[in-house]
Structures are given as C-alpha cells and as structure tokens.
Amino acid sequence: MRLSDLSRRSGVSVTTIKYYLREGLLPPGRQLSATQAEYDEQHLRRLRLIRALIGVRGLSVSTTRDVLRAVDEHTGDTHILLGLALGSIRITEEPEADAPEPAEVEALIKELGWQVHEAAPARDTLAETLTSLRTLGSPLDWRALLPYARLAEGTAAVDLDQLEGIDDPLEVAERALLVTVLLEPALLALRRMAQENESARRHAED
C-alpha cells in the first residue's frame with residue numbers, strides 16, 4: 001500500500017507517519033522510486049502498536065522507541081512481549097533507587113504462588129501502597145490484599161482469553177494494551193457501582 005493508504009487504514013496522519021519514520025519507530029517501506037515507497041500489513045500492525053503505546057499508554061517517543069526495540073528482540077516470546085507492551089517489565093531491570101523494601105509484597109506473591117519478575121514495577125506500587133496505609137494508621141497488611149488478588153486472577157484470565165487466536169505478535173501486543181489500559185477506567189467504574197449495589201443490599205430501606 002502507498003503512504004496515503006497506510007494513513008487511511010491506520011487512522012494516523014501522513015505527517016505523523018513521516019515523523020515516526022524519521023524517528024526510527026516505523027521501518028522504511030520498499031522503495032518504488034526516489035519519492036515513493038510501498039508499505040505492507042506489518043507496517044500497519046506496527047503503526048497501530050505505536051499509536052497504542054503513545055496514545056493509550058502515554059509513552060514518549062523515545063521510550064516507545066526503546067519498547068519497540070525490545071519487542072523486536074523478543075517477538076517469538078509472547079510472555080515477554082506482553083510484559084513489554086503493558087509495562088509489566090522494565091526495559092532496564094534495575095529497580096528504582098528509592099523504592100521501598102518489598103518484603104510484604106514478596107510474602108504476598110509467595111502466598112499466591114504467582115510468577116512475577118523481581119523487577120516488575122507493580123511490586124513497587126504495592127509496596128508504596130502498603131507503606132501509605134501504615135503511615136495513615138490503617139491496620140491493613142498484605143494479607144488483606146489476598147481476596148483482591150484472587151479476583152485479579154479471574155480478571156487476568158478474561159484479559160488473556162481475548163488474545164486467543166491472534167497469531168501476529170504485534171497485534172497481540174496492541175490488543176493486550178488496549179484491553180488492559182482502556183478497560184481499567186471501566187473496571188474501576190464497575191467496582192464503584194458494585195459497592196453502591198452492595199451497600200443498598202445491606203443498608204438501604206426499600
């Protein structure tokens with residue numbers, strides 16, 4: 001397809017595609033002449049993934065380039081590919097300098113029997129949350145998160161079920177990113193609605 005066709009099918013402007021080409025996010029097409037190139041379905045899939053990384057995950061162009069470079073290196077490993085696209089795996093696996101000690105998080109993961117990389121950013125998020133709870137005088141500890149974790153297991157299974165039957169690695173990464181990031185506000189909204197319903201069931205009169 002020509003550049004104009006790639007723009008039409010992807011929903012990305014020609015100007016933006018040219019910018020991605022210059023920045024090395026999108027590989028060049030097959031040259032037809034000095035001024036024209038031809039692009040294929042792989043360019044379309046990669047462009048959609050770029051759009052999802054920048055527009056949905058909110059990554060910078062330079063970070064997106066790093067993610068795509070890592071994706072290219074692990075295209076045959078779906079587990080790593082999903083981790084890179086979703087941000088579950090750091091591009092560099094060095095922990096943040098001031099990250100709190102994740103001892104409680106390690107205990108939680110061990111109790112659940114989960115396989116979670118030691119450099120996963122979610123570990124830091126959980127550790128910081130537990131620290132904040134203690135600072136505010138909350139009696140909750142990592143054991144209080146176990147019921148929530150079990151619910152999260154079911155959600156994760158539903159998420160991954162939606163990727164079944166997709167063979168192209170770039171399409172898998174894009175679909176996973178869209179399902180995860182775009183559905184998170186809906187999941188939070190459903191939780192709030194469920195809380196209201198449960199409160200009405202327990203406490204409301206007629």
# chains A, B, ... in the order shown; residues from 1 in each chain; ligands from 1

$ select_by_dssp --residues "stretch 31-85 of chain A" --states "helix (DSSP H, G or I)" --output "PyMOL selection string"
chain A and resi 41-56+61-73+78-85

$ residues_around --residues "stretch 130-144 of chain A" --least-positions-apart "2" --cutoff "10 Å" --atoms "only C-alpha atoms" --output "VMD selection string"
chain A and resid 100 to 109 111 124 to 128 146 to 149

$ atom_distance --atom1 "atom CA of A:Tyr20" --atom2 "atom CA of A:Ile50"
8.7 Å

$ select_by_dssp --residues "stretch 1-79 of chain A" --states "strand (DSSP E)" --output "number ranges by chain"
A: 30-31, 37-38

$ closest_residue --among "A:Ile89, A:Val56, A:Val181, A:Met1" --to "A:Ala122" --atoms "only C-alpha atoms"
A:Ile89

$ atom_distance --atom1 "atom CA of A:Leu86" --atom2 "atom CA of A:Arg22"
24.9 Å

$ residues_around --residues "A:Arg48" --least-positions-apart "6" --cutoff "9 Å" --atoms "only C-alpha atoms" --output "VMD selection string"
chain A and resid 10 to 12 170 to 171 174
